[in-house]
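Student: Sharing target.cif here; it has mmCIF, C-alpha atoms.
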```cif
data_target
loop_
_atom_site.label_atom_id
_atom_site.label_comp_id
_atom_site.auth_asym_id
_atom_site.auth_seq_id
_atom_site.Cartn_x
_atom_site.Cartn_y
_atom_site.Cartn_z
CA MET O 1434 50.31 27.76 8.66
CA SER O 1435 50.70 30.16 11.59
CA SER O 1436 49.50 29.33 15.06
CA THR O 1437 47.25 32.40 15.15
CA GLN O 1438 45.25 31.56 12.04
CA PHE O 1439 42.34 30.08 14.01
CA ASN O 1440 42.19 32.96 16.49
CA LYS O 1441 39.15 35.17 16.17
CA GLY O 1442 39.09 38.93 16.20
CA PRO O 1443 37.60 41.06 18.95
CA SER O 1444 33.93 40.59 19.75
CA TYR O 1445 31.37 43.38 19.68
CA GLY O 1446 27.78 43.86 20.77
CA LEU O 1447 25.95 40.81 22.01
CA SER O 1448 28.92 38.48 21.38
CA ALA O 1449 31.14 40.61 23.58
CA GLU O 1450 28.49 40.69 26.31
CA VAL O 1451 28.13 36.89 26.29
CA LYS O 1452 31.90 36.42 26.35
CA ASN O 1453 32.33 38.81 29.27
CA ARG O 1454 29.58 37.07 31.20
CA LEU O 1455 31.29 33.70 30.71
CA LEU O 1456 34.62 35.13 31.81
CA SER O 1457 33.02 36.50 34.96
CA LYS O 1458 32.19 32.93 36.03
CA TYR O 1459 35.79 31.79 35.72
CA ASP O 1460 37.32 31.01 39.13
CA PRO O 1461 41.08 31.73 39.48
CA GLN O 1462 41.24 29.70 42.70
CA LYS O 1463 39.91 26.62 40.93
CA GLU O 1464 42.49 27.19 38.21
CA ALA O 1465 45.29 27.05 40.78
CA GLU O 1466 43.88 23.83 42.22
CA LEU O 1467 43.62 22.27 38.75
CA ARG O 1468 47.18 23.33 37.95
CA SER O 1469 48.50 21.62 41.06
CA TRP O 1470 46.43 18.48 40.41
CA ILE O 1471 47.47 18.11 36.75
CA GLU O 1472 51.15 18.85 37.38
CA GLY O 1473 51.20 16.44 40.31
CA LEU O 1474 49.83 13.55 38.19
CA THR O 1475 51.71 14.18 34.94
CA GLY O 1476 54.95 15.66 36.22
CA LEU O 1477 54.77 18.31 33.49
CA SER O 1478 54.73 22.06 33.98
CA ILE O 1479 51.82 24.00 32.51
CA GLY O 1480 53.50 27.39 32.67
CA PRO O 1481 52.24 30.79 33.72
CA ASP O 1482 49.40 30.88 31.17
CA PHE O 1483 46.91 28.10 31.87
CA GLN O 1484 45.21 28.25 28.45
CA LYS O 1485 48.44 28.34 26.40
CA GLY O 1486 49.97 25.56 28.42
CA LEU O 1487 47.04 23.20 27.67
CA LYS O 1488 45.99 24.23 24.17
CA ASP O 1489 48.36 21.83 22.36
CA GLY O 1490 46.68 18.86 24.13
CA VAL O 1491 49.96 17.12 25.08
CA ILE O 1492 49.57 17.56 28.85
CA LEU O 1493 45.88 16.66 28.74
CA CYS O 1494 46.49 13.44 26.77
CA THR O 1495 49.26 12.52 29.22
CA LEU O 1496 46.82 13.12 32.08
CA MET O 1497 44.26 10.74 30.56
CA ASN O 1498 46.92 8.03 30.11
CA LYS O 1499 47.67 8.39 33.83
CA LEU O 1500 44.01 8.08 34.78
CA GLN O 1501 43.22 5.32 32.27
CA PRO O 1502 46.33 3.78 30.68
CA GLY O 1503 46.18 3.43 26.91
CA SER O 1504 43.16 5.72 26.47
CA VAL O 1505 45.15 7.99 24.10
CA PRO O 1506 47.52 5.74 22.13
CA LYS O 1507 49.07 8.51 20.03
CA ILE O 1508 50.08 11.99 21.20
CA ASN O 1509 51.09 14.50 18.52
CA ARG O 1510 53.93 16.77 19.63
CA SER O 1511 53.92 18.86 16.48
CA MET O 1512 53.27 22.59 16.62
CA GLN O 1513 50.82 22.45 13.72
CA ASN O 1514 47.30 23.53 14.50
CA TRP O 1515 45.55 20.43 13.18
CA HIS O 1516 47.84 18.18 15.24
CA GLN O 1517 47.03 20.13 18.37
CA LEU O 1518 43.30 20.01 17.57
CA GLU O 1519 43.63 16.26 17.03
CA ASN O 1520 45.13 15.90 20.50
CA LEU O 1521 42.23 17.81 22.03
CA SER O 1522 39.72 15.65 20.15
CA ASN O 1523 41.41 12.48 21.37
CA PHE O 1524 41.37 13.81 24.92
CA ILE O 1525 37.60 14.50 24.74
CA LYS O 1526 36.95 11.00 23.37
CA ALA O 1527 39.04 9.54 26.18
CA MET O 1528 36.92 11.42 28.75
CA VAL O 1529 33.77 9.89 27.25
CA SER O 1530 35.24 6.39 27.52
CA TYR O 1531 36.29 7.18 31.10
CA GLY O 1532 32.63 7.64 32.01
CA MET O 1533 32.15 11.40 31.89
CA ASN O 1534 28.69 12.82 31.33
CA PRO O 1535 28.18 14.52 27.95
CA VAL O 1536 27.02 17.73 29.66
CA ASP O 1537 30.40 18.03 31.41
CA LEU O 1538 32.46 17.99 28.21
CA PHE O 1539 33.93 20.95 26.35
CA GLU O 1540 34.66 21.48 22.68
CA ALA O 1541 38.15 21.68 21.22
CA ASN O 1542 37.73 25.31 20.16
CA ASP O 1543 36.69 26.29 23.70
CA LEU O 1544 40.30 25.65 24.77
CA PHE O 1545 42.22 26.13 21.53
CA GLU O 1546 40.74 29.56 20.73
CA SER O 1547 40.02 30.44 24.39
CA GLY O 1548 36.36 30.69 23.45
CA ASN O 1549 34.89 29.37 26.69
CA MET O 1550 37.47 28.73 29.38
CA THR O 1551 34.72 28.51 31.97
CA GLN O 1552 33.43 25.32 30.35
CA VAL O 1553 36.99 23.96 30.17
CA GLN O 1554 37.38 24.55 33.89
CA VAL O 1555 34.04 22.84 34.60
CA SER O 1556 35.05 19.80 32.52
CA LEU O 1557 38.43 19.41 34.25
CA LEU O 1558 36.79 19.70 37.69
CA ALA O 1559 34.29 17.02 36.69
CA LEU O 1560 37.17 14.84 35.49
CA ALA O 1561 38.87 15.22 38.87
CA GLY O 1562 35.64 14.28 40.63
CA LYS O 1563 35.25 11.21 38.42
CA ALA O 1564 38.81 10.15 39.21
CA LYS O 1565 38.11 10.55 42.95
CA THR O 1566 34.98 8.41 42.55
CA LYS O 1567 37.06 5.64 41.01
CA GLY O 1568 39.47 5.70 43.95
CA LEU O 1569 42.34 7.85 42.67
CA GLN O 1570 44.50 9.20 45.49
CA SER O 1571 46.26 12.50 44.96
CA GLY O 1572 47.84 15.17 47.10
CA VAL O 1573 45.24 17.75 46.06
CA ASP O 1574 41.67 17.41 47.24
CA ILE O 1575 39.76 18.65 44.23
CA GLY O 1576 36.51 17.75 42.56
CA VAL O 1577 33.23 16.45 43.89
CA LYS O 1578 32.84 12.72 44.27
CA TYR O 1579 30.05 11.28 42.16
CA SER O 1580 27.17 9.65 44.00
CA GLU O 1581 27.01 5.90 43.80
CA LYS O 1582 23.93 3.99 42.79
CA GLN O 1583 22.08 2.48 45.74
CA GLU O 1584 19.80 -0.24 44.46
CA ARG O 1585 17.20 -1.90 46.66
CA ASN O 1586 15.66 -5.28 45.95
CA PHE O 1587 12.41 -6.09 47.76
CA ASP O 1588 10.42 -9.29 47.68
CA ASP O 1589 6.84 -9.49 46.43
CA ALA O 1590 5.33 -9.40 49.94
CA THR O 1591 7.08 -6.14 50.77
CA MET O 1592 6.03 -4.57 47.45
CA LYS O 1593 2.37 -5.50 48.02
CA ALA O 1594 2.47 -4.14 51.57
CA GLY O 1595 3.74 -0.83 50.27
CA GLN O 1596 0.72 -0.46 47.99
CA CYS O 1597 -1.52 0.01 51.05
CA VAL O 1598 0.51 2.90 52.43
CA ILE O 1599 -0.69 6.42 51.63
CA GLY O 1600 2.30 8.43 50.48
CA LEU O 1601 3.02 11.98 51.57
CA GLN O 1602 2.46 13.11 47.99
CA MET O 1603 -1.26 12.57 48.59
CA GLY O 1604 -1.22 14.37 51.95
CA THR O 1605 -1.17 13.10 55.50
CA ASN O 1606 -3.82 12.11 58.01
CA LYS O 1607 -1.84 13.41 60.96
CA CYS O 1608 -4.15 14.97 63.61
CA ALA O 1609 -7.19 14.13 61.46
CA SER O 1610 -10.51 13.09 63.00
CA GLN O 1611 -14.09 12.42 61.98
CA SER O 1612 -15.70 14.75 64.47
CA GLY O 1613 -18.80 16.34 63.01
CA MET O 1614 -18.99 13.85 60.18
CA THR O 1615 -22.32 12.24 59.30
CA ALA O 1616 -23.09 8.83 57.89
CA TYR O 1617 -22.48 8.17 54.23
CA GLY O 1618 -25.34 9.47 52.08
CA THR O 1619 -26.67 11.74 54.83
CA ARG O 1620 -27.18 15.38 53.97
CA ARG O 1621 -24.99 17.80 55.90
CA HIS O 1622 -26.92 20.85 57.12
CA LEU O 1623 -25.41 24.30 57.06
CA TYR O 1624 -26.81 27.10 59.15
CA ASP O 1625 -25.81 30.65 60.00
CA PRO O 1626 -26.18 31.79 63.63
CA LYS O 1627 -26.07 35.45 62.55
CA ASN O 1628 -29.36 35.06 60.65
CA HIS O 1629 -31.01 33.50 63.72
CA ILE O 1630 -31.42 30.15 61.99
CA LEU O 1631 -31.56 27.39 64.57
CA PRO O 1632 -29.21 24.43 64.28
CA PRO O 1633 -30.94 21.54 62.52
CA MET O 1634 -32.32 18.94 64.85
CA ASP O 1635 -33.78 16.61 62.26
CA HIS O 1636 -33.17 15.52 58.67
CA CYS O 1637 -36.19 17.48 57.39
CA THR O 1638 -34.54 20.87 57.82
CA ILE O 1639 -33.75 22.68 54.58
CA SER O 1640 -30.06 23.62 54.60
CA LEU O 1641 -28.47 26.73 53.16
CA GLN O 1642 -27.10 24.60 50.34
CA MET O 1643 -30.68 24.36 49.04
CA GLY O 1644 -31.70 27.87 50.13
CA THR O 1645 -33.56 28.97 53.24
CA ASN O 1646 -37.23 29.06 54.26
CA LYS O 1647 -36.79 32.15 56.38
CA CYS O 1648 -39.92 34.41 56.01
CA ALA O 1649 -41.39 32.01 53.41
CA SER O 1650 -45.13 31.27 53.17
CA GLN O 1651 -47.65 29.56 50.88
CA VAL O 1652 -49.98 32.50 50.49
CA GLY O 1653 -51.52 32.52 47.01
CA MET O 1654 -50.49 28.96 46.24
CA THR O 1655 -53.08 26.65 44.66
CA ALA O 1656 -53.44 22.92 44.70
CA PRO O 1657 -51.18 20.93 42.37
CA GLY O 1658 -52.70 20.77 38.88
CA THR O 1659 -54.95 23.82 39.36
CA ARG O 1660 -54.72 26.54 36.76
CA ARG O 1661 -53.31 29.77 38.10
CA HIS O 1662 -55.23 32.79 36.68
CA ILE O 1663 -53.36 35.91 35.84
CA TYR O 1664 -55.51 39.04 35.87
CA ASP O 1665 -54.99 42.76 35.50
CA THR O 1666 -56.84 45.09 37.86
CA LYS O 1667 -56.59 47.96 35.38
CA LEU O 1668 -58.54 46.04 32.73
CA GLY O 1669 -61.22 44.86 35.15
CA THR O 1670 -60.77 41.15 34.52
CA ASP O 1671 -62.43 38.84 37.04
CA LYS O 1672 -60.28 36.65 39.26
CA CYS O 1673 -62.86 34.85 41.40
CA ASP O 1674 -64.18 32.03 39.20
CA ASN O 1675 -62.55 29.24 37.24
CA SER O 1676 -64.21 30.24 34.00
CA SER O 1677 -62.19 33.41 33.71
CA MET O 1678 -59.82 33.55 30.80
CA SER O 1679 -56.33 34.39 32.05
CA LEU O 1680 -53.93 36.76 30.38
CA GLN O 1681 -51.87 33.77 29.28
CA MET O 1682 -54.77 32.97 26.88
CA GLY O 1683 -55.73 36.60 26.21
CA TYR O 1684 -58.77 38.46 27.65
CA THR O 1685 -62.35 39.27 26.53
CA GLN O 1686 -62.43 42.93 27.47
CA GLY O 1687 -64.20 44.93 24.69
CA ALA O 1688 -65.20 41.80 22.70
CA ASN O 1689 -68.80 41.21 21.32
CA GLN O 1690 -70.66 38.79 18.99
CA SER O 1691 -72.20 41.29 16.64
CA GLY O 1692 -72.55 39.87 13.10
CA GLN O 1693 -72.24 36.29 14.33
CA LEU O 1694 -74.90 33.64 13.39
CA LEU O 1695 -76.04 30.53 15.14
CA SER O 1696 -74.62 27.30 13.82
CA THR O 1697 -78.18 25.87 13.17
CA GLN O 1698 -79.43 28.77 11.01
CA GLY O 1699 -78.74 28.99 7.30
CA CYS O 1700 -77.35 32.02 5.61
CA GLN O 1701 -80.14 34.46 4.58
CA LEU O 1702 -79.76 36.17 1.20
CA PRO O 1703 -80.46 39.88 1.01
CA ALA O 1704 -83.81 41.13 -0.47
CA LEU O 1705 -81.99 42.35 -3.53
CA HIS O 1706 -81.45 38.74 -4.58
CA GLN O 1707 -85.07 37.65 -3.83
CA GLN O 1708 -86.98 40.13 -6.21
CA PRO O 1709 -86.04 38.47 -9.56
CA CYS O 1710 -87.38 35.13 -8.25
CA VAL O 1711 -90.85 36.66 -7.40
CA GLY O 1712 -91.29 38.29 -10.86
CA LEU O 1713 -90.47 35.06 -12.67
CA GLY O 1714 -93.13 33.15 -10.71
CA VAL O 1715 -95.86 35.71 -11.56
CA PHE O 1716 -94.91 35.51 -15.23
CA ILE O 1717 -95.21 31.70 -15.23
CA VAL O 1718 -98.67 31.88 -13.58
CA LEU O 1719 -99.96 34.40 -16.12
CA PHE O 1720 -98.58 32.32 -18.97
CA CYS O 1721 -100.42 29.19 -17.74
CA VAL O 1722 -103.73 31.11 -17.35
CA LEU O 1723 -103.48 32.59 -20.85
CA LYS O 1724 -102.85 29.17 -22.38
CA LEU O 1725 -105.85 27.72 -20.59
CA VAL O 1726 -108.16 30.51 -21.91
CA ILE O 1727 -107.01 29.97 -25.50
CA SER O 1728 -107.68 26.25 -25.33
CA LEU O 1729 -111.28 26.91 -24.29
#
```
Can I see the file as structure tokens?
Tutor:
Amino acid sequence: MSSTQFNKGPSYGLSAEVKNRLLSKYDPQKEAELRSWIEGLTGLSIGPDFQKGLKDGVILCTLMNKLQPGSVPKINRSMQNWHQLENLSNFIKAMVSYGMNPVDLFEANDLFESGNMTQVQVSLLALAGKAKTKGLQSGVDIGVKYSEKQERNFDDATMKAGQCVIGLQMGTNKCASQSGMTAYGTRRHLYDPKNHILPPMDHCTISLQMGTNKCASQVGMTAPGTRRHIYDTKLGTDKCDNSSMSLQMGYTQGANQSGQLLSTQGCQLPALHQQPCVGLGVFIVLFCVLKLVISL
């Protein structure tokens, strides 16, 4: 199996744009510092090409055995692709056991296929910083030292005292005062000098929060519980007495009681219905007289 079997072809479109953007973040100066640091610890030469010198994983596994002895027990020196990929996988596992963060790791194909050399550079810089944190001394000052955990242990009295302190997350009372404040439950009066409203001198003043009594009067107001009559001057309804029927209940303009009867009088039948009753009575009287004459 050839060594170029896993290499990908040229990228186009969006893939090429992403690859070029990643390459633009690659720092040649950091590469020179990493080269000096790795060669100084391992004693092995990487060569002119940084990616080709590290892709077989031999130098990287040797570096991990220098940082943490026995972390990579077996190093494959074969030129076969799967052996080289196995070395890279063992190197990544050794970085995890060394205490590296998962976000700082790279994948084997990022180095073997030169897919993302920027991430490889970031991982090696993080490895150098981790080694510096653990006290490794080298001739090259490279990597950022990891911050150490600073734990604080307080007793119960100190923890309870801290509960009474107002934190800056809730604001500060610096330069604060209670000038102009009123007692709890007291209404605060607002007034506007531009509208010629005098400042309130007592607690009976109506504030602008509840409106204003400027130019207000009680003209037309009636006593509580009194019916307010609504009238229309065009219809001539009366507004002076309490017996007037307001427009809320309708009005009596143009109304009359023609055709209405008193409640104590009975209904009178028309004369057309009374004539048959008179004729029948005359006939009964004549019949009685005739019968009396015949009996005599």
Student: Can you work out which one of O:Ala1590, O:Ile1717, O:Ala1449, O:Leu1487 has the shortest atom-to-atom distance to Gln1554 in chain O, counting all atoms listed in the file?
Tutor: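 Closest candidate: O:Leu1487.
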Student: Which residue is closest to Pro1502 in chain O? Choose from O:Ser1530, O:Thr1551, O:Gln1462, O:Asn1542 and count all atoms listed in the file.
Tutor: O:Ser1530
Student: Do you have the CA of Trp1470 in chain O-CA of Ser1571 in chain O distance handy?
Tutor: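 So the answer is 7.5 Å.
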Student: Can you translate the PyMOL selection byres ((chain O and resi 1498) around 12) into the concrete residues it hits in this file, as a compact mmCIF listing (two decimals) with C-alpha atoms, in the frame of the given file?
Tutor:
```
# COMPACT_ATOMS: atom_id res chain seq x y z
CA LEU O 1474 49.83 13.55 38.19
CA THR O 1475 51.71 14.18 34.94
CA VAL O 1491 49.96 17.12 25.08
CA ILE O 1492 49.57 17.56 28.85
CA LEU O 1493 45.88 16.66 28.74
CA CYS O 1494 46.49 13.44 26.77
CA THR O 1495 49.26 12.52 29.22
CA LEU O 1496 46.82 13.12 32.08
CA MET O 1497 44.26 10.74 30.56
CA LYS O 1499 47.67 8.39 33.83
CA LEU O 1500 44.01 8.08 34.78
CA GLN O 1501 43.22 5.32 32.27
CA PRO O 1502 46.33 3.78 30.68
CA GLY O 1503 46.18 3.43 26.91
CA SER O 1504 43.16 5.72 26.47
CA VAL O 1505 45.15 7.99 24.10
CA PRO O 1506 47.52 5.74 22.13
CA LYS O 1507 49.07 8.51 20.03
CA ILE O 1508 50.08 11.99 21.20
CA ASN O 1523 41.41 12.48 21.37
CA PHE O 1524 41.37 13.81 24.92
CA ALA O 1527 39.04 9.54 26.18
CA MET O 1528 36.92 11.42 28.75
CA TYR O 1531 36.29 7.18 31.10
```
Student: Starting from the displayed file, determine the output of the PyMOL selection byres ((chain O and resi 1466) around 12) and express the residue list as a PyMOL selection string.
Tutor: chain O and resi 1460-1465+1467-1473+1483+1554+1557-1558+1561+1571-1576
Student: One decimal, in Å: what's the spacing between CA of Asn1453 in chain O and CA of Gln1513 in chain O?
Tutor: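 Answer for the CA of Asn1453 in chain O to CA of Gln1513 in chain O separation: 29.2 Å.
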Student: Which value, in Å to one decimal, gives the distance between CA of Asn1520 in chain O and CA of Lys1563 in chain O?
Tutor: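 Separation of CA of Asn1520 in chain O and CA of Lys1563 in chain O: 21.0 Å.
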Student: Let me make sure I understand: among O:Gln1484, O:Ser1448, O:Gln1596, O:Asn1534, which one has the smallest atom-to-atom distance to Leu1560 in chain O if we use all atoms listed in the file?
Tutor: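 Of O:Gln1484, O:Ser1448, O:Gln1596, O:Asn1534, the one nearest Leu1560 in chain O, counting all atoms listed in the file, is O:Asn1534.
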Student: Here is a test: counting all atoms listed in the file, which residue of O:Ser1612, O:Ser1511, O:Ser1728, O:Gln1583 is nearest to Gly1490 in chain O?
Tutor: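 Answer, going by the shortest atom-to-atom distance: O:Ser1511.
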Student: Please enumerate the residues selected by the PyMOL selection byres ((chain O and resi 1549) around 12) when evaluated against the supplied file, formatted as a list in words.
Tutor: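 Selection result, ordered by chain and number: Val1451, Lys1452, Asn1453, Arg1454, Leu1455, Leu1456, Ser1457, Lys1458, Tyr1459, Gln1484, Leu1538, Phe1539, Glu1540, Ala1541, Asn1542, Asp1543, Leu1544, Phe1545, Glu1546, Ser1547, Gly1548, Met1550, Thr1551, Gln1552, Val1553, Gln1554, Val1555 and Ser1556 of chain O.
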Student: Please write the residues from the selection above to a file, keeping C-alpha atoms, as a PDB file, keeping the file's coordinate frame.
Tutor:
```pdb
ATOM      1  CA  VAL O1451      28.130  36.890  26.290  1.00  0.00           C
ATOM      2  CA  LYS O1452      31.900  36.420  26.350  1.00  0.00           C
ATOM      3  CA  ASN O1453      32.330  38.810  29.270  1.00  0.00           C
ATOM      4  CA  ARG O1454      29.580  37.070  31.200  1.00  0.00           C
ATOM      5  CA  LEU O1455      31.290  33.700  30.710  1.00  0.00           C
ATOM      6  CA  LEU O1456      34.620  35.130  31.810  1.00  0.00           C
ATOM      7  CA  SER O1457      33.020  36.500  34.960  1.00  0.00           C
ATOM      8  CA  LYS O1458      32.190  32.930  36.030  1.00  0.00           C
ATOM      9  CA  TYR O1459      35.790  31.790  35.720  1.00  0.00           C
ATOM     10  CA  GLN O1484      45.210  28.250  28.450  1.00  0.00           C
ATOM     11  CA  LEU O1538      32.460  17.990  28.210  1.00  0.00           C
ATOM     12  CA  PHE O1539      33.930  20.950  26.350  1.00  0.00           C
ATOM     13  CA  GLU O1540      34.660  21.480  22.680  1.00  0.00           C
ATOM     14  CA  ALA O1541      38.150  21.680  21.220  1.00  0.00           C
ATOM     15  CA  ASN O1542      37.730  25.310  20.160  1.00  0.00           C
ATOM     16  CA  ASP O1543      36.690  26.290  23.700  1.00  0.00           C
ATOM     17  CA  LEU O1544      40.300  25.650  24.770  1.00  0.00           C
ATOM     18  CA  PHE O1545      42.220  26.130  21.530  1.00  0.00           C
ATOM     19  CA  GLU O1546      40.740  29.560  20.730  1.00  0.00           C
ATOM     20  CA  SER O1547      40.020  30.440  24.390  1.00  0.00           C
ATOM     21  CA  GLY O1548      36.360  30.690  23.450  1.00  0.00           C
ATOM     22  CA  MET O1550      37.470  28.730  29.380  1.00  0.00           C
ATOM     23  CA  THR O1551      34.720  28.510  31.970  1.00  0.00           C
ATOM     24  CA  GLN O1552      33.430  25.320  30.350  1.00  0.00           C
ATOM     25  CA  VAL O1553      36.990  23.960  30.170  1.00  0.00           C
ATOM     26  CA  GLN O1554      37.380  24.550  33.890  1.00  0.00           C
ATOM     27  CA  VAL O1555      34.040  22.840  34.600  1.00  0.00           C
ATOM     28  CA  SER O1556      35.050  19.800  32.520  1.00  0.00           C
TER      29      SER O1556
END
```
